[in-house]
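Trainee: Have a look at this one before I ask anything.
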Amino acid sequence: MFYQFPVPMKIFLSFRTRLGALLLALWSSATLHAQDNPLSDLRIYGYMQVLGYNQRTDNVIPTPMGTITNSSERNTFSLQQMNLFLAKPLGERFSAFVNLEFSLSYASQRGWGSFSVEEAWVNYNNSEALNVKAGLLLPTFNNLNELKNRTPLLPYLFRPFVYETSVASLLNAEDFLPERSFLQVYGSLPLGGLRFDYAFNTGNSETSYMASANDVGRPGASFTGEDTSPFKSVGGRIGIRNAAETFKVGVSGTFDRDKRTDTTFANLVAPTPGGMGRREFLAPLGDVPRFRVGADLSFSLGNFQFEGEYIGVFHDTNYPTNFRGTLDKTFYYGSLLYNFTDALYVYGNYNYLKGDVINPNDPTANGLEAFGGGAGYRITDGLIAKAQYQRIQVRNSNAITINFIYLGLSVIF
């Protein structure tokens, strides 16, 4: 004899069965929809760095009547940089990546800062030994070129000269770095207990050859963002590292052309002795063959971490008779960091940059140097508080001295 449920209980069980079937159907539909949705595995994340700083500038100007010291000071807050990343797998061996960069409190309607698509590429992963990137990419050159926009991964707020986007209007980074490539083959091979890294890339000529909106209508400049020259850039890096990546060393190189088809001015605009601010210039030299040579070293030893780079830029050209300057350039930096704890660190650093020398008597012909240091505190895995002091000056001269005090936050979101 079977037990008979009361009528209300039968209704409840029937309702529960139907509800379960409905939820199962909805879950199955959502699963199928997710599988069919091309954006279901799209990963969106980003880095940003906000800061405030004090800047004091002292400029010593020589005149026939003596020297004049001009001092100025300012305080400002800024969204120094934000990078929005989009990453997506495209099957078993392919993936896509996009990097959108916003700098200096970007607002187009106010004319603030800048926006650029820094990277947009597809990667083919055959193995650890062979990878191929195709599309707009940051070429491998030294250690920092691919990491310069990953601000929370760097200990400082003001990056080494050639990597700092906030001075882009004052310094042509393209003179020191390959800024863009469109094809790169790279990988890593075992070498005893170490790894041998290699990367070879090619892309357009330097930015100066690229057509802009102001060039449209001129010969050879039908479309903006395209290379107007027959020249291409080639380069790469080879290096070794240990498996734990506590030691890394490498050498880099590129070959391209430096656009010198118009009058060349001194890289750093500064008063010349007796010149009352007169700008020195060099007559056009044409499309000058250029070699960049780089070297990088980074290692950890206990709580200490060191990183440093060298870049030498060399031009193959015939200078005008009696010209005493050079287009060759030099840059190097070093940074030594100490971790007190997993959260707290301090560091000291030094930068040196020597650009074009048009007039050897110009104070800036000795180059610029920057030294200082700072500290950071990792509040969470994705939030770092930073402080930094940086002093920039002309080497062996008091012509220009700039002191910065930075406070900022780096965020991973």
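The chains in the structure tokens are called A, B, ... from first to last as shown; in each chain the residues are counted from 1, and the ligands are counted from 1 in the order shown.
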Using only C-alpha atoms, which protein or nucleic acid residues come within 10 Å of segment 37-52 of chain A? Drop anything in the same chain fewer than 2 positions from it, and give the result as a ChimeraX atom specification.
Mentor: /A:31-35,54,75-90,96-105,149-153,157,382-387,405-413
Trainee: Which residues come within 7 Å of Ser335 of chain A, counting only C-alpha atoms, excluding same-chain residues fewer than 4 positions away, as a compact mmCIF listing (two decimals) with N, CA and C atoms, in the first residue's frame?
Mentor:
# COMPACT_ATOMS: atom_id res chain seq x y z
N PHE A 306 68.93 45.47 -8.49
CA PHE A 306 69.60 46.47 -9.33
C PHE A 306 69.09 46.33 -10.76
N GLU A 307 68.95 47.47 -11.43
CA GLU A 307 68.68 47.45 -12.86
C GLU A 307 69.38 48.65 -13.50
N GLY A 308 69.85 48.45 -14.72
CA GLY A 308 70.54 49.52 -15.42
C GLY A 308 70.53 49.28 -16.91
N TYR A 347 64.77 53.24 -2.80
CA TYR A 347 65.73 53.11 -3.90
C TYR A 347 66.42 54.44 -4.15
N GLY A 348 67.56 54.35 -4.82
CA GLY A 348 68.26 55.52 -5.33
C GLY A 348 68.54 55.29 -6.81
N ASN A 349 68.59 56.37 -7.60
CA ASN A 349 68.82 56.18 -9.04
C ASN A 349 69.61 57.34 -9.63
N TYR A 350 70.13 57.09 -10.84
CA TYR A 350 70.91 58.09 -11.57
C TYR A 350 70.62 57.94 -13.06
Trainee: Mind listing the strand (DSSP E) residues of segment 96-265 of chain A, per DSSP on the backbone, as an mmCIF file with N, CA, C and O atoms, in the first residue's frame?
Mentor:
data_model
loop_
_atom_site.group_PDB
_atom_site.id
_atom_site.type_symbol
_atom_site.label_atom_id
_atom_site.label_comp_id
_atom_site.auth_asym_id
_atom_site.auth_seq_id
_atom_site.Cartn_x
_atom_site.Cartn_y
_atom_site.Cartn_z
ATOM 1 N N ALA A 96 45.187 37.593 -29.080
ATOM 2 C CA ALA A 96 45.199 38.993 -29.518
ATOM 3 C C ALA A 96 45.352 39.896 -28.302
ATOM 4 O O ALA A 96 44.936 39.548 -27.191
ATOM 5 N N PHE A 97 45.965 41.064 -28.531
ATOM 6 C CA PHE A 97 46.221 41.992 -27.430
ATOM 7 C C PHE A 97 46.121 43.423 -27.946
ATOM 8 O O PHE A 97 46.605 43.732 -29.042
ATOM 9 N N VAL A 98 45.475 44.294 -27.159
ATOM 10 C CA VAL A 98 45.344 45.720 -27.494
ATOM 11 C C VAL A 98 45.717 46.531 -26.259
ATOM 12 O O VAL A 98 45.320 46.196 -25.139
ATOM 13 N N ASN A 99 46.482 47.598 -26.446
ATOM 14 C CA ASN A 99 46.917 48.481 -25.369
ATOM 15 C C ASN A 99 46.563 49.914 -25.751
ATOM 16 O O ASN A 99 47.117 50.470 -26.698
ATOM 17 N N LEU A 100 45.612 50.509 -25.023
ATOM 18 C CA LEU A 100 45.192 51.885 -25.244
ATOM 19 C C LEU A 100 45.801 52.754 -24.152
ATOM 20 O O LEU A 100 45.607 52.483 -22.963
ATOM 21 N N GLU A 101 46.524 53.798 -24.543
ATOM 22 C CA GLU A 101 47.250 54.625 -23.575
ATOM 23 C C GLU A 101 46.706 56.049 -23.547
ATOM 24 O O GLU A 101 46.574 56.710 -24.575
ATOM 25 N N PHE A 102 46.408 56.530 -22.330
ATOM 26 C CA PHE A 102 45.957 57.896 -22.088
ATOM 27 C C PHE A 102 46.975 58.546 -21.152
ATOM 28 O O PHE A 102 47.324 57.976 -20.120
ATOM 29 N N SER A 103 47.466 59.717 -21.506
ATOM 30 C CA SER A 103 48.491 60.354 -20.681
ATOM 31 C C SER A 103 48.129 61.792 -20.363
ATOM 32 O O SER A 103 47.377 62.447 -21.089
ATOM 33 N N LEU A 104 48.665 62.268 -19.232
ATOM 34 C CA LEU A 104 48.579 63.669 -18.808
ATOM 35 C C LEU A 104 47.130 64.171 -18.780
ATOM 36 O O LEU A 104 46.777 65.150 -19.429
ATOM 37 N N SER A 105 46.284 63.475 -17.992
ATOM 38 C CA SER A 105 44.877 63.872 -17.776
ATOM 39 C C SER A 105 44.156 64.084 -19.099
ATOM 40 O O SER A 105 43.482 65.096 -19.317
ATOM 41 N N TYR A 106 44.281 63.144 -19.981
ATOM 42 C CA TYR A 106 43.765 63.273 -21.347
ATOM 43 C C TYR A 106 42.312 63.741 -21.389
ATOM 44 O O TYR A 106 41.435 63.192 -20.734
ATOM 45 N N ALA A 107 42.058 64.802 -22.175
ATOM 46 C CA ALA A 107 40.704 65.301 -22.467
ATOM 47 C C ALA A 107 40.787 66.009 -23.814
ATOM 48 O O ALA A 107 41.338 67.117 -23.899
ATOM 49 N N TRP A 112 44.021 68.531 -23.601
ATOM 50 C CA TRP A 112 44.942 68.033 -22.576
ATOM 51 C C TRP A 112 45.503 66.679 -22.977
ATOM 52 O O TRP A 112 44.797 65.815 -23.491
ATOM 53 N N GLY A 113 46.783 66.472 -22.683
ATOM 54 C CA GLY A 113 47.389 65.165 -22.797
ATOM 55 C C GLY A 113 47.302 64.556 -24.168
ATOM 56 O O GLY A 113 47.156 65.246 -25.182
ATOM 57 N N SER A 114 47.379 63.230 -24.216
ATOM 58 C CA SER A 114 47.363 62.518 -25.493
ATOM 59 C C SER A 114 46.743 61.141 -25.309
ATOM 60 O O SER A 114 46.720 60.578 -24.216
ATOM 61 N N PHE A 115 46.252 60.605 -26.426
ATOM 62 C CA PHE A 115 45.723 59.243 -26.474
ATOM 63 C C PHE A 115 46.352 58.540 -27.657
ATOM 64 O O PHE A 115 46.511 59.134 -28.732
ATOM 65 N N SER A 116 46.706 57.286 -27.471
ATOM 66 C CA SER A 116 47.282 56.538 -28.585
ATOM 67 C C SER A 116 47.000 55.047 -28.421
ATOM 68 O O SER A 116 46.862 54.549 -27.296
ATOM 69 N N VAL A 117 46.898 54.376 -29.550
ATOM 70 C CA VAL A 117 46.861 52.914 -29.553
ATOM 71 C C VAL A 117 48.317 52.462 -29.582
ATOM 72 O O VAL A 117 48.974 52.509 -30.621
ATOM 73 N N GLU A 118 48.830 52.063 -28.442
ATOM 74 C CA GLU A 118 50.247 51.702 -28.339
ATOM 75 C C GLU A 118 50.523 50.319 -28.911
ATOM 76 O O GLU A 118 51.592 50.083 -29.472
ATOM 77 N N GLU A 119 49.576 49.405 -28.730
ATOM 78 C CA GLU A 119 49.771 48.045 -29.224
ATOM 79 C C GLU A 119 48.449 47.483 -29.724
ATOM 80 O O GLU A 119 47.392 47.756 -29.151
ATOM 81 N N ALA A 120 48.509 46.702 -30.784
ATOM 82 C CA ALA A 120 47.355 45.964 -31.303
ATOM 83 C C ALA A 120 47.912 44.851 -32.176
ATOM 84 O O ALA A 120 48.220 45.061 -33.343
ATOM 85 N N TRP A 121 48.085 43.672 -31.581
ATOM 86 C CA TRP A 121 48.767 42.609 -32.301
ATOM 87 C C TRP A 121 48.137 41.249 -32.047
ATOM 88 O O TRP A 121 47.371 41.053 -31.097
ATOM 89 N N VAL A 122 48.490 40.311 -32.917
ATOM 90 C CA VAL A 122 48.123 38.910 -32.778
ATOM 91 C C VAL A 122 49.410 38.123 -32.563
ATOM 92 O O VAL A 122 50.423 38.383 -33.213
ATOM 93 N N ASN A 123 49.372 37.170 -31.622
ATOM 94 C CA ASN A 123 50.542 36.378 -31.302
ATOM 95 C C ASN A 123 50.301 34.908 -31.658
ATOM 96 O O ASN A 123 49.230 34.351 -31.394
ATOM 97 N N TYR A 124 51.297 34.305 -32.289
ATOM 98 C CA TYR A 124 51.275 32.871 -32.576
ATOM 99 C C TYR A 124 52.304 32.195 -31.682
ATOM 100 O O TYR A 124 53.483 32.539 -31.700
ATOM 101 N N ASN A 125 51.850 31.254 -30.866
ATOM 102 C CA ASN A 125 52.725 30.540 -29.945
ATOM 103 C C ASN A 125 52.921 29.108 -30.432
ATOM 104 O O ASN A 125 52.060 28.244 -30.240
ATOM 105 N N ASN A 126 54.053 28.871 -31.088
ATOM 106 C CA ASN A 126 54.378 27.515 -31.519
ATOM 107 C C ASN A 126 54.947 26.707 -30.366
ATOM 108 O O ASN A 126 54.597 25.548 -30.163
ATOM 109 N N SER A 127 55.810 27.353 -29.612
ATOM 110 C CA SER A 127 56.432 26.738 -28.442
ATOM 111 C C SER A 127 57.144 27.843 -27.681
ATOM 112 O O SER A 127 57.149 29.008 -28.096
ATOM 113 N N LEU A 130 59.628 29.426 -30.029
ATOM 114 C CA LEU A 130 59.233 30.167 -31.227
ATOM 115 C C LEU A 130 57.869 30.811 -31.045
ATOM 116 O O LEU A 130 56.863 30.123 -30.860
ATOM 117 N N ASN A 131 57.865 32.145 -31.081
ATOM 118 C CA ASN A 131 56.639 32.939 -31.046
ATOM 119 C C ASN A 131 56.723 33.994 -32.132
ATOM 120 O O ASN A 131 57.820 34.474 -32.462
ATOM 121 N N VAL A 132 55.579 34.375 -32.644
ATOM 122 C CA VAL A 132 55.536 35.412 -33.673
ATOM 123 C C VAL A 132 54.435 36.398 -33.326
ATOM 124 O O VAL A 132 53.282 36.010 -33.088
ATOM 125 N N LYS A 133 54.784 37.678 -33.273
ATOM 126 C CA LYS A 133 53.812 38.759 -33.096
ATOM 127 C C LYS A 133 53.677 39.503 -34.417
ATOM 128 O O LYS A 133 54.690 39.819 -35.057
ATOM 129 N N ALA A 134 52.439 39.816 -34.803
ATOM 130 C CA ALA A 134 52.197 40.602 -36.008
ATOM 131 C C ALA A 134 51.155 41.656 -35.698
ATOM 132 O O ALA A 134 50.116 41.365 -35.107
ATOM 133 N N GLY A 135 51.438 42.882 -36.095
ATOM 134 C CA GLY A 135 50.562 44.007 -35.798
ATOM 135 C C GLY A 135 51.367 45.122 -35.162
ATOM 136 O O GLY A 135 52.603 45.103 -35.148
ATOM 137 N N LEU A 136 50.698 46.114 -34.628
ATOM 138 C CA LEU A 136 51.366 47.233 -33.962
ATOM 139 C C LEU A 136 51.865 46.773 -32.601
ATOM 140 O O LEU A 136 51.083 46.353 -31.751
ATOM 141 N N LEU A 137 53.177 46.854 -32.374
ATOM 142 C CA LEU A 137 53.732 46.339 -31.122
ATOM 143 C C LEU A 137 54.916 47.175 -30.662
ATOM 144 O O LEU A 137 55.525 47.916 -31.439
ATOM 145 N N SER A 181 57.057 48.592 -33.974
ATOM 146 C CA SER A 181 57.376 47.539 -34.937
ATOM 147 C C SER A 181 56.071 46.878 -35.339
ATOM 148 O O SER A 181 55.033 47.071 -34.680
ATOM 149 N N PHE A 182 56.126 46.077 -36.407
ATOM 150 C CA PHE A 182 54.911 45.412 -36.874
ATOM 151 C C PHE A 182 55.078 43.905 -37.026
ATOM 152 O O PHE A 182 54.104 43.210 -37.273
ATOM 153 N N LEU A 183 56.286 43.416 -36.845
ATOM 154 C CA LEU A 183 56.512 41.976 -36.896
ATOM 155 C C LEU A 183 57.690 41.647 -35.991
ATOM 156 O O LEU A 183 58.741 42.285 -36.074
ATOM 157 N N GLN A 184 57.490 40.662 -35.117
ATOM 158 C CA GLN A 184 58.577 40.259 -34.225
ATOM 159 C C GLN A 184 58.550 38.742 -34.043
ATOM 160 O O GLN A 184 57.505 38.155 -33.758
ATOM 161 N N VAL A 185 59.715 38.134 -34.210
ATOM 162 C CA VAL A 185 59.914 36.709 -33.941
ATOM 163 C C VAL A 185 60.778 36.615 -32.687
ATOM 164 O O VAL A 185 61.834 37.251 -32.607
ATOM 165 N N TYR A 186 60.330 35.830 -31.714
ATOM 166 C CA TYR A 186 61.059 35.785 -30.450
ATOM 167 C C TYR A 186 60.853 34.440 -29.772
ATOM 168 O O TYR A 186 59.951 33.663 -30.125
ATOM 169 N N GLY A 187 61.695 34.168 -28.786
ATOM 170 C CA GLY A 187 61.573 32.920 -28.058
ATOM 171 C C GLY A 187 62.667 32.766 -27.030
ATOM 172 O O GLY A 187 63.475 33.664 -26.799
ATOM 173 N N SER A 188 62.681 31.591 -26.416
ATOM 174 C CA SER A 188 63.637 31.298 -25.355
ATOM 175 C C SER A 188 64.102 29.854 -25.487
ATOM 176 O O SER A 188 63.293 28.943 -25.713
ATOM 177 N N LEU A 189 65.411 29.627 -25.333
ATOM 178 C CA LEU A 189 66.000 28.301 -25.486
ATOM 179 C C LEU A 189 66.821 27.962 -24.251
ATOM 180 O O LEU A 189 67.433 28.850 -23.638
ATOM 181 N N PRO A 190 66.853 26.686 -23.848
ATOM 182 C CA PRO A 190 67.687 26.306 -22.693
ATOM 183 C C PRO A 190 69.169 26.456 -23.019
ATOM 184 O O PRO A 190 69.613 26.169 -24.128
ATOM 185 N N LEU A 191 69.923 26.926 -22.041
ATOM 186 C CA LEU A 191 71.365 27.112 -22.197
ATOM 187 C C LEU A 191 72.017 26.716 -20.880
ATOM 188 O O LEU A 191 72.265 27.553 -20.002
ATOM 189 N N LEU A 194 70.666 28.072 -17.622
ATOM 190 C CA LEU A 194 70.107 29.387 -17.919
ATOM 191 C C LEU A 194 69.153 29.286 -19.101
ATOM 192 O O LEU A 194 68.906 28.215 -19.647
ATOM 193 N N ARG A 195 68.611 30.439 -19.497
ATOM 194 C CA ARG A 195 67.781 30.540 -20.683
ATOM 195 C C ARG A 195 68.388 31.567 -21.630
ATOM 196 O O ARG A 195 68.862 32.631 -21.202
ATOM 197 N N PHE A 196 68.387 31.239 -22.914
ATOM 198 C CA PHE A 196 68.838 32.171 -23.944
ATOM 199 C C PHE A 196 67.611 32.786 -24.607
ATOM 200 O O PHE A 196 66.766 32.081 -25.156
ATOM 201 N N ASP A 197 67.486 34.119 -24.528
ATOM 202 C CA ASP A 197 66.358 34.840 -25.111
ATOM 203 C C ASP A 197 66.786 35.518 -26.407
ATOM 204 O O ASP A 197 67.909 36.040 -26.506
ATOM 205 N N TYR A 198 65.889 35.515 -27.376
ATOM 206 C CA TYR A 198 66.165 36.238 -28.611
ATOM 207 C C TYR A 198 64.889 36.914 -29.094
ATOM 208 O O TYR A 198 63.767 36.479 -28.812
ATOM 209 N N ALA A 199 65.048 38.002 -29.826
ATOM 210 C CA ALA A 199 63.926 38.708 -30.454
ATOM 211 C C ALA A 199 64.467 39.479 -31.654
ATOM 212 O O ALA A 199 65.486 40.171 -31.547
ATOM 213 N N PHE A 200 63.777 39.338 -32.782
ATOM 214 C CA PHE A 200 64.126 40.084 -33.995
ATOM 215 C C PHE A 200 62.851 40.712 -34.532
ATOM 216 O O PHE A 200 61.811 40.050 -34.616
ATOM 217 N N ASN A 201 62.918 41.999 -34.889
ATOM 218 C CA ASN A 201 61.715 42.710 -35.298
ATOM 219 C C ASN A 201 61.990 43.657 -36.454
ATOM 220 O O ASN A 201 63.139 44.018 -36.731
ATOM 221 N N THR A 202 60.911 44.067 -37.096
ATOM 222 C CA THR A 202 60.997 45.049 -38.174
ATOM 223 C C THR A 202 59.723 45.878 -38.188
ATOM 224 O O THR A 202 58.663 45.432 -37.738
ATOM 225 N N GLY A 203 59.840 47.093 -38.696
ATOM 226 C CA GLY A 203 58.688 47.989 -38.747
ATOM 227 C C GLY A 203 58.983 49.218 -39.574
ATOM 228 O O GLY A 203 59.975 49.265 -40.311
ATOM 229 N N SER A 233 62.870 49.905 -40.393
ATOM 230 C CA SER A 233 63.688 49.689 -39.202
ATOM 231 C C SER A 233 63.795 48.196 -38.920
ATOM 232 O O SER A 233 62.810 47.462 -39.028
ATOM 233 N N VAL A 234 64.995 47.751 -38.589
ATOM 234 C CA VAL A 234 65.207 46.360 -38.186
ATOM 235 C C VAL A 234 66.001 46.377 -36.878
ATOM 236 O O VAL A 234 66.810 47.276 -36.634
ATOM 237 N N GLY A 235 65.742 45.383 -36.032
ATOM 238 C CA GLY A 235 66.463 45.359 -34.770
ATOM 239 C C GLY A 235 66.120 44.130 -33.962
ATOM 240 O O GLY A 235 65.419 43.224 -34.414
ATOM 241 N N GLY A 236 66.616 44.112 -32.723
ATOM 242 C CA GLY A 236 66.324 42.991 -31.854
ATOM 243 C C GLY A 236 67.192 42.982 -30.623
ATOM 244 O O GLY A 236 67.940 43.925 -30.345
ATOM 245 N N ARG A 237 67.081 41.879 -29.879
ATOM 246 C CA ARG A 237 67.832 41.717 -28.629
ATOM 247 C C ARG A 237 68.165 40.245 -28.431
ATOM 248 O O ARG A 237 67.368 39.371 -28.766
ATOM 249 N N ILE A 238 69.340 39.981 -27.886
ATOM 250 C CA ILE A 238 69.695 38.651 -27.416
ATOM 251 C C ILE A 238 70.167 38.789 -25.974
ATOM 252 O O ILE A 238 70.756 39.808 -25.592
ATOM 253 N N GLY A 239 69.891 37.770 -25.162
ATOM 254 C CA GLY A 239 70.290 37.857 -23.772
ATOM 255 C C GLY A 239 70.170 36.528 -23.070
ATOM 256 O O GLY A 239 69.696 35.532 -23.636
ATOM 257 N N ILE A 240 70.605 36.482 -21.825
ATOM 258 C CA ILE A 240 70.477 35.296 -20.989
ATOM 259 C C ILE A 240 69.861 35.687 -19.656
ATOM 260 O O ILE A 240 69.976 36.833 -19.205
ATOM 261 N N ARG A 241 69.194 34.735 -19.022
ATOM 262 C CA ARG A 241 68.592 34.934 -17.707
ATOM 263 C C ARG A 241 68.516 33.583 -17.015
ATOM 264 O O ARG A 241 68.585 32.536 -17.652
ATOM 265 N N ASN A 242 68.337 33.613 -15.696
ATOM 266 C CA ASN A 242 68.130 32.356 -14.993
ATOM 267 C C ASN A 242 66.635 32.058 -14.908
ATOM 268 O O ASN A 242 65.796 32.900 -15.217
ATOM 269 N N PHE A 247 68.291 37.137 -12.408
ATOM 270 C CA PHE A 247 69.454 37.642 -13.141
ATOM 271 C C PHE A 247 69.090 37.701 -14.615
ATOM 272 O O PHE A 247 68.529 36.752 -15.176
ATOM 273 N N LYS A 248 69.397 38.852 -15.244
ATOM 274 C CA LYS A 248 69.051 39.046 -16.653
ATOM 275 C C LYS A 248 70.050 40.022 -17.252
ATOM 276 O O LYS A 248 70.325 41.087 -16.684
ATOM 277 N N VAL A 249 70.595 39.663 -18.418
ATOM 278 C CA VAL A 249 71.533 40.537 -19.106
ATOM 279 C C VAL A 249 71.325 40.375 -20.604
ATOM 280 O O VAL A 249 70.976 39.282 -21.073
ATOM 281 N N GLY A 250 71.506 41.453 -21.347
ATOM 282 C CA GLY A 250 71.299 41.355 -22.781
ATOM 283 C C GLY A 250 71.885 42.529 -23.528
ATOM 284 O O GLY A 250 72.254 43.558 -22.943
ATOM 285 N N VAL A 251 71.990 42.352 -24.846
ATOM 286 C CA VAL A 251 72.424 43.429 -25.736
ATOM 287 C C VAL A 251 71.369 43.590 -26.831
ATOM 288 O O VAL A 251 70.733 42.613 -27.248
ATOM 289 N N SER A 252 71.171 44.827 -27.275
ATOM 290 C CA SER A 252 70.156 45.144 -28.277
ATOM 291 C C SER A 252 70.770 45.992 -29.378
ATOM 292 O O SER A 252 71.825 46.614 -29.192
ATOM 293 N N GLY A 253 70.084 46.043 -30.498
ATOM 294 C CA GLY A 253 70.549 46.892 -31.594
ATOM 295 C C GLY A 253 69.447 47.153 -32.589
ATOM 296 O O GLY A 253 68.504 46.360 -32.719
ATOM 297 N N THR A 254 69.527 48.281 -33.274
ATOM 298 C CA THR A 254 68.610 48.605 -34.363
ATOM 299 C C THR A 254 69.379 49.317 -35.473
ATOM 300 O O THR A 254 70.433 49.915 -35.231
ATOM 301 N N PHE A 255 68.816 49.242 -36.668
ATOM 302 C CA PHE A 255 69.319 50.034 -37.788
ATOM 303 C C PHE A 255 68.134 50.662 -38.491
ATOM 304 O O PHE A 255 67.162 49.981 -38.831
ATOM 305 N N ASP A 256 68.196 51.984 -38.685
ATOM 306 C CA ASP A 256 67.146 52.696 -39.418
ATOM 307 C C ASP A 256 67.733 53.997 -39.953
ATOM 308 O O ASP A 256 68.947 54.136 -40.066
ATOM 309 N N ARG A 257 66.886 54.953 -40.277
ATOM 310 C CA ARG A 257 67.339 56.256 -40.777
ATOM 311 C C ARG A 257 66.825 57.360 -39.866
ATOM 312 O O ARG A 257 65.708 57.285 -39.337
ATOM 313 N N ASP A 258 67.633 58.382 -39.719
ATOM 314 C CA ASP A 258 67.272 59.570 -38.953
ATOM 315 C C ASP A 258 66.928 60.679 -39.941
ATOM 316 O O ASP A 258 67.763 61.060 -40.765
ATOM 317 N N LYS A 259 65.696 61.176 -39.861
ATOM 318 C CA LYS A 259 65.257 62.181 -40.818
ATOM 319 C C LYS A 259 65.889 63.531 -40.500
ATOM 320 O O LYS A 259 65.508 64.217 -39.552
ATOM 321 N N ARG A 260 66.850 63.930 -41.323
ATOM 322 C CA ARG A 260 67.550 65.210 -41.173
ATOM 323 C C ARG A 260 67.459 65.995 -42.473
ATOM 324 O O ARG A 260 68.432 66.596 -42.926
ATOM 325 N N THR A 264 68.370 71.261 -38.585
ATOM 326 C CA THR A 264 68.440 70.602 -37.291
ATOM 327 C C THR A 264 68.808 71.617 -36.219
ATOM 328 O O THR A 264 69.829 72.303 -36.329
ATOM 329 N N PHE A 265 67.964 71.702 -35.183
ATOM 330 C CA PHE A 265 68.262 72.572 -34.056
ATOM 331 C C PHE A 265 68.847 71.751 -32.917
ATOM 332 O O PHE A 265 68.712 70.527 -32.874
#
Trainee: Calculate how many Å separate atom CA of Thr224 of chain A from atom CA of Tyr209 of chain A, rounding to one decimal.
Mentor: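 That distance, rounded to one decimal, is 10.8 Å.
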